[in-house]
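> See model-v9.tsv below, with TSV, C-alpha atoms.
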chain	number	residue	atom	x	y	z
A	476	MET	CA	-11.09	-2.88	-11.40
A	477	ALA	CA	-8.08	-2.61	-9.10
A	478	THR	CA	-8.43	-1.88	-5.40
A	479	LEU	CA	-5.90	-0.11	-3.25
A	480	THR	CA	-6.15	-1.48	0.27
A	481	ALA	CA	-4.33	-0.72	3.49
A	482	TRP	CA	-4.41	-3.32	6.26
A	483	LYS	CA	-3.35	-2.11	9.72
A	484	PHE	CA	-2.02	-4.63	12.25
A	485	ASP	CA	-1.67	-4.26	16.03
A	486	SER	CA	1.95	-5.44	16.03
A	487	PRO	CA	5.08	-4.46	14.12
A	488	GLU	CA	5.31	-8.04	12.74
A	489	GLY	CA	1.70	-8.32	11.56
A	490	ALA	CA	2.16	-6.87	8.07
A	491	GLU	CA	5.07	-9.17	7.24
A	492	GLY	CA	3.04	-12.21	8.30
A	493	ALA	CA	0.12	-11.02	6.22
A	494	ALA	CA	2.40	-10.58	3.20
A	495	GLN	CA	3.47	-14.21	3.50
A	496	GLN	CA	-0.17	-15.31	3.76
A	497	LEU	CA	-1.11	-13.25	0.70
A	498	GLN	CA	1.67	-14.92	-1.27
A	499	SER	CA	-0.02	-18.26	-0.55
A	500	LEU	CA	-3.45	-16.86	-1.47
A	501	GLN	CA	-2.06	-15.57	-4.77
A	502	LYS	CA	-0.59	-19.00	-5.57
A	503	GLU	CA	-4.06	-20.48	-4.92
A	504	GLY	CA	-5.62	-17.95	-7.29
A	505	LEU	CA	-7.68	-16.21	-4.59
A	506	ILE	CA	-6.18	-12.76	-5.28
A	507	THR	CA	-4.15	-11.04	-7.97
A	508	ILE	CA	-1.55	-8.70	-6.52
A	509	HIS	CA	-0.28	-5.99	-8.83
A	510	ASP	CA	1.91	-4.31	-6.23
A	511	ALA	CA	2.45	-4.36	-2.47
A	512	ALA	CA	4.50	-2.69	0.25
A	513	THR	CA	4.77	-2.90	4.02
A	514	VAL	CA	5.29	-0.39	6.80
A	515	THR	CA	6.66	-1.69	10.10
A	516	TRP	CA	6.93	0.61	13.08
A	517	PRO	CA	8.50	-0.89	16.23
A	518	GLU	CA	7.49	0.86	19.45
A	519	SER	CA	11.02	2.18	20.05
A	520	ALA	CA	11.58	3.55	16.52
A	521	LYS	CA	11.24	7.23	15.66
A	522	LYS	CA	10.10	6.50	12.10
A	523	PRO	CA	8.55	3.50	10.34
A	524	LYS	CA	10.49	1.22	8.01
A	525	THR	CA	9.03	0.75	4.54
A	526	ARG	CA	9.60	-2.04	2.03
A	527	GLN	CA	8.24	-2.82	-1.40
A	528	LEU	CA	7.36	-6.50	-1.78
A	529	HIS	CA	8.74	-7.34	-5.21
A	530	ASP	CA	8.27	-11.08	-4.69
A	531	LEU	CA	4.47	-10.69	-4.44
A	532	THR	CA	3.89	-8.50	-7.46
A	533	GLY	CA	3.09	-9.38	-11.03
A	534	ALA	CA	3.26	-7.48	-14.27
A	535	GLY	CA	2.07	-3.90	-14.05
A	536	ALA	CA	3.63	-3.05	-10.69
A	537	LEU	CA	3.71	0.66	-9.95
A	538	GLY	CA	7.17	0.67	-8.43
A	539	GLY	CA	9.08	2.63	-5.85
A	540	MET	CA	7.95	6.07	-7.00
A	541	PHE	CA	4.31	5.32	-6.15
A	542	TRP	CA	5.04	3.84	-2.73
A	543	GLY	CA	7.65	6.49	-1.98
A	544	LEU	CA	5.23	9.29	-2.67
A	545	LEU	CA	2.36	7.66	-0.78
A	546	PHE	CA	4.50	6.85	2.27
A	547	GLY	CA	6.20	10.21	2.07
A	548	LEU	CA	2.80	11.92	2.26
A	549	ILE	CA	1.54	9.67	5.05
A	550	PHE	CA	4.64	9.20	7.21
A	551	PHE	CA	7.06	11.79	5.83
A	552	VAL	CA	9.42	8.87	5.03
A	553	PRO	CA	9.94	8.03	1.32
A	554	ILE	CA	10.64	4.42	0.43
A	555	LEU	CA	14.07	3.57	-0.97
A	556	GLY	CA	14.32	4.27	-4.69
A	557	ALA	CA	11.79	7.08	-4.85
A	558	ALA	CA	13.23	10.32	-6.13
A	559	ILE	CA	10.79	12.85	-4.73
A	560	GLY	CA	12.01	16.34	-5.50
A	561	ALA	CA	10.41	19.36	-7.05
A	562	ALA	CA	7.72	17.19	-8.65
A	563	THR	CA	6.15	16.20	-5.30
A	564	GLY	CA	3.31	18.72	-5.58
A	565	ALA	CA	2.38	17.62	-9.09
A	566	LEU	CA	2.57	13.94	-8.14
A	567	ALA	CA	0.48	14.52	-5.03
A	568	GLY	CA	-2.15	16.02	-7.31
A	569	SER	CA	-1.93	12.88	-9.44
A	570	LEU	CA	-2.68	10.78	-6.36
A	571	THR	CA	-5.85	12.80	-5.79
A	572	ASP	CA	-6.81	12.32	-9.44
A	573	ALA	CA	-6.31	8.59	-8.96
A	574	GLY	CA	-8.66	8.43	-5.97
A	575	ILE	CA	-6.17	8.63	-3.09
A	576	ASP	CA	-7.43	11.62	-1.17
A	577	ASP	CA	-6.49	13.51	1.97
A	578	ASP	CA	-9.02	11.53	4.03
A	579	PHE	CA	-7.27	8.24	3.16
A	580	ILE	CA	-3.86	9.75	3.94
A	581	ASP	CA	-5.02	11.31	7.23
A	582	GLU	CA	-6.86	8.17	8.38
A	583	THR	CA	-3.85	6.00	7.64
A	584	ARG	CA	-1.47	8.44	9.35
A	585	ASN	CA	-3.64	8.41	12.48
A	586	LYS	CA	-3.95	4.62	12.64
A	587	VAL	CA	-0.46	3.39	11.73
A	588	VAL	CA	1.57	4.52	14.74
A	589	PRO	CA	4.53	3.15	16.74
A	590	GLY	CA	3.89	-0.47	17.75
A	591	THR	CA	1.86	-1.26	14.61
A	592	SER	CA	2.42	-2.19	10.97
A	593	ALA	CA	0.53	-1.95	7.69
A	594	LEU	CA	0.30	-3.77	4.39
A	595	PHE	CA	-0.59	-1.74	1.30
A	596	LEU	CA	-1.88	-3.60	-1.78
A	597	LEU	CA	-2.93	-2.82	-5.31
A	598	SER	CA	-4.93	-5.93	-6.15
A	599	ASP	CA	-7.70	-7.45	-8.27
A	600	ASN	CA	-10.09	-10.37	-8.08
A	601	ALA	CA	-10.35	-10.47	-4.31
A	602	VAL	CA	-13.30	-10.69	-1.96
A	603	LEU	CA	-11.95	-8.77	1.00
A	604	ASP	CA	-14.10	-10.55	3.59
A	605	ARG	CA	-12.89	-13.93	2.33
A	606	ILE	CA	-9.25	-12.84	2.47
A	607	LYS	CA	-9.64	-11.49	6.01
A	608	GLU	CA	-10.78	-14.99	7.06
A	609	HIS	CA	-7.22	-16.15	6.38
A	610	PHE	CA	-5.89	-13.82	9.08
A	611	PRO	CA	-7.44	-15.21	12.28
A	612	GLY	CA	-6.11	-13.62	15.44
A	613	SER	CA	-4.13	-11.02	13.53
A	614	HIS	CA	-6.33	-8.13	14.67
A	615	ALA	CA	-6.20	-6.68	11.16
A	616	GLU	CA	-8.17	-3.56	10.42
A	617	LEU	CA	-8.98	-2.89	6.79
A	618	ILE	CA	-8.82	0.64	5.43
A	619	HIS	CA	-9.49	0.67	1.70
A	620	THR	CA	-10.08	2.87	-1.27
A	621	ASN	CA	-11.70	1.41	-4.37
A	622	LEU	CA	-10.26	2.71	-7.59
A	623	SER	CA	-12.37	2.93	-10.73
A	624	ASN	CA	-10.84	1.88	-14.06
A	625	GLU	CA	-10.30	5.55	-14.94
A	626	GLN	CA	-8.63	6.22	-11.59
A	627	GLU	CA	-6.37	3.19	-11.99
A	628	ALA	CA	-5.33	4.34	-15.47
A	629	ALA	CA	-4.63	7.85	-14.13
A	630	LEU	CA	-2.51	6.39	-11.33
A	631	ARG	CA	-0.49	4.19	-13.69
A	632	HIS	CA	-0.04	7.06	-16.15
A	633	ALA	CA	1.14	9.46	-13.44
A	634	PHE	CA	3.90	7.13	-12.30
A	635	GLU	CA	5.02	5.41	-15.49
A	636	ASP	CA	6.13	8.77	-16.95
A	637	THR	CA	7.97	9.96	-13.83
A	638	GLU	CA	9.90	6.74	-13.22
A	639	THR	CA	11.57	6.76	-16.62
A	640	LYS	CA	12.73	10.39	-16.49
A	641	PRO	CA	15.62	11.60	-14.34
A	642	ALA	CA	14.62	13.87	-11.47
A	643	GLY	CA	15.39	17.57	-11.69
Turn the structure described in the file into structure tokens.


Amino acid sequence: MATLTAWKFDSPEGAEGAAQQLQSLQKEGLITIHDAATVTWPESAKKPKTRQLHDLTGAGALGGMFWGLLFGLIFFVPILGAAIGAATGALAGSLTDAGIDDDFIDETRNKVVPGTSALFLLSDNAVLDRIKEHFPGSHAELIHTNLSNEQEAALRHAFEDTETKPAG
């Protein structure tokens, strides 16, 4: 079963450092990362900067459409490569079907603010408490949503169809 997790850090650099640490943990076989993205929000910036972490992901990555929609809903800033047009409403409904609800979106929006950063993961085979041990002093706060197998399949289905078709 895949787990979608969001780690919030108390500094704009925290998520990038965590991404590097997770790359090491994946090489050691302590976690399987299917997809990942970061949000960095320097104190002086009006909007956060988002980035998909292609170097961490394996086969089955969801791609820019997923992260663009999620970040668009949370921060009103789509990630590069996401064509979010008239289909936004339908795709937002697909997120709900996949277990990403308004509570998760609202909680994340309220916690990831200027001066912080976040790391979003779709992962498997991880004991979250054990992974957090590898982030001493990072002041990481874990916000997570567990996805059932059915929810994961619904999420993959919702985005695999939309990414191969032109928008409009």

> Can you write out as JSON lines which residues of range 491-551 of chain A fall within 6 Å of range 577-597 of chain A, alongside each residue's closest atom pair and its distance in Å to one decimal, counting only C-alpha atoms and ordering rows by chain and ascending residue number?


{"residue": "A:His509", "atom": "CA", "partner": "A:Leu597", "partner_atom": "CA", "distance": 5.4}
{"residue": "A:Asp510", "atom": "CA", "partner": "A:Leu597", "partner_atom": "CA", "distance": 5.1}
{"residue": "A:Ala511", "atom": "CA", "partner": "A:Leu596", "partner_atom": "CA", "distance": 4.5}
{"residue": "A:Ala512", "atom": "CA", "partner": "A:Phe595", "partner_atom": "CA", "distance": 5.3}
{"residue": "A:Thr513", "atom": "CA", "partner": "A:Leu594", "partner_atom": "CA", "distance": 4.6}
{"residue": "A:Val514", "atom": "CA", "partner": "A:Ala593", "partner_atom": "CA", "distance": 5.1}
{"residue": "A:Thr515", "atom": "CA", "partner": "A:Ser592", "partner_atom": "CA", "distance": 4.4}
{"residue": "A:Trp516", "atom": "CA", "partner": "A:Pro589", "partner_atom": "CA", "distance": 5.1}
{"residue": "A:Pro517", "atom": "CA", "partner": "A:Gly590", "partner_atom": "CA", "distance": 4.9}
{"residue": "A:Glu518", "atom": "CA", "partner": "A:Gly590", "partner_atom": "CA", "distance": 4.2}
{"residue": "A:Ile549", "atom": "CA", "partner": "A:Arg584", "partner_atom": "CA", "distance": 5.4}

> Measuring atom to atom with only C-alpha atoms, identify which of A:Glu503, A:Ile575, A:Glu608, A:Asn624 is nearest to Ala481 in chain A.

A:Ile575

> So, with all atoms listed in the file as the atoms that count, which of A:Ala615, A:Ile606, A:Ala601, A:Ala490 lies closest to Gln527 in chain A?

A:Ala490

> In Å, with one decimal, what is the gap from CA of Leu505 in chain A to CA of Ser486 in chain A?

25.2 Å

> Would you compute the distance between CA of Glu616 in chain A and CA of Lys522 in chain A? Give it in Å to one decimal.

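Result for CA of Glu616 in chain A versus CA of Lys522 in chain A: 20.9 Å, one decimal.
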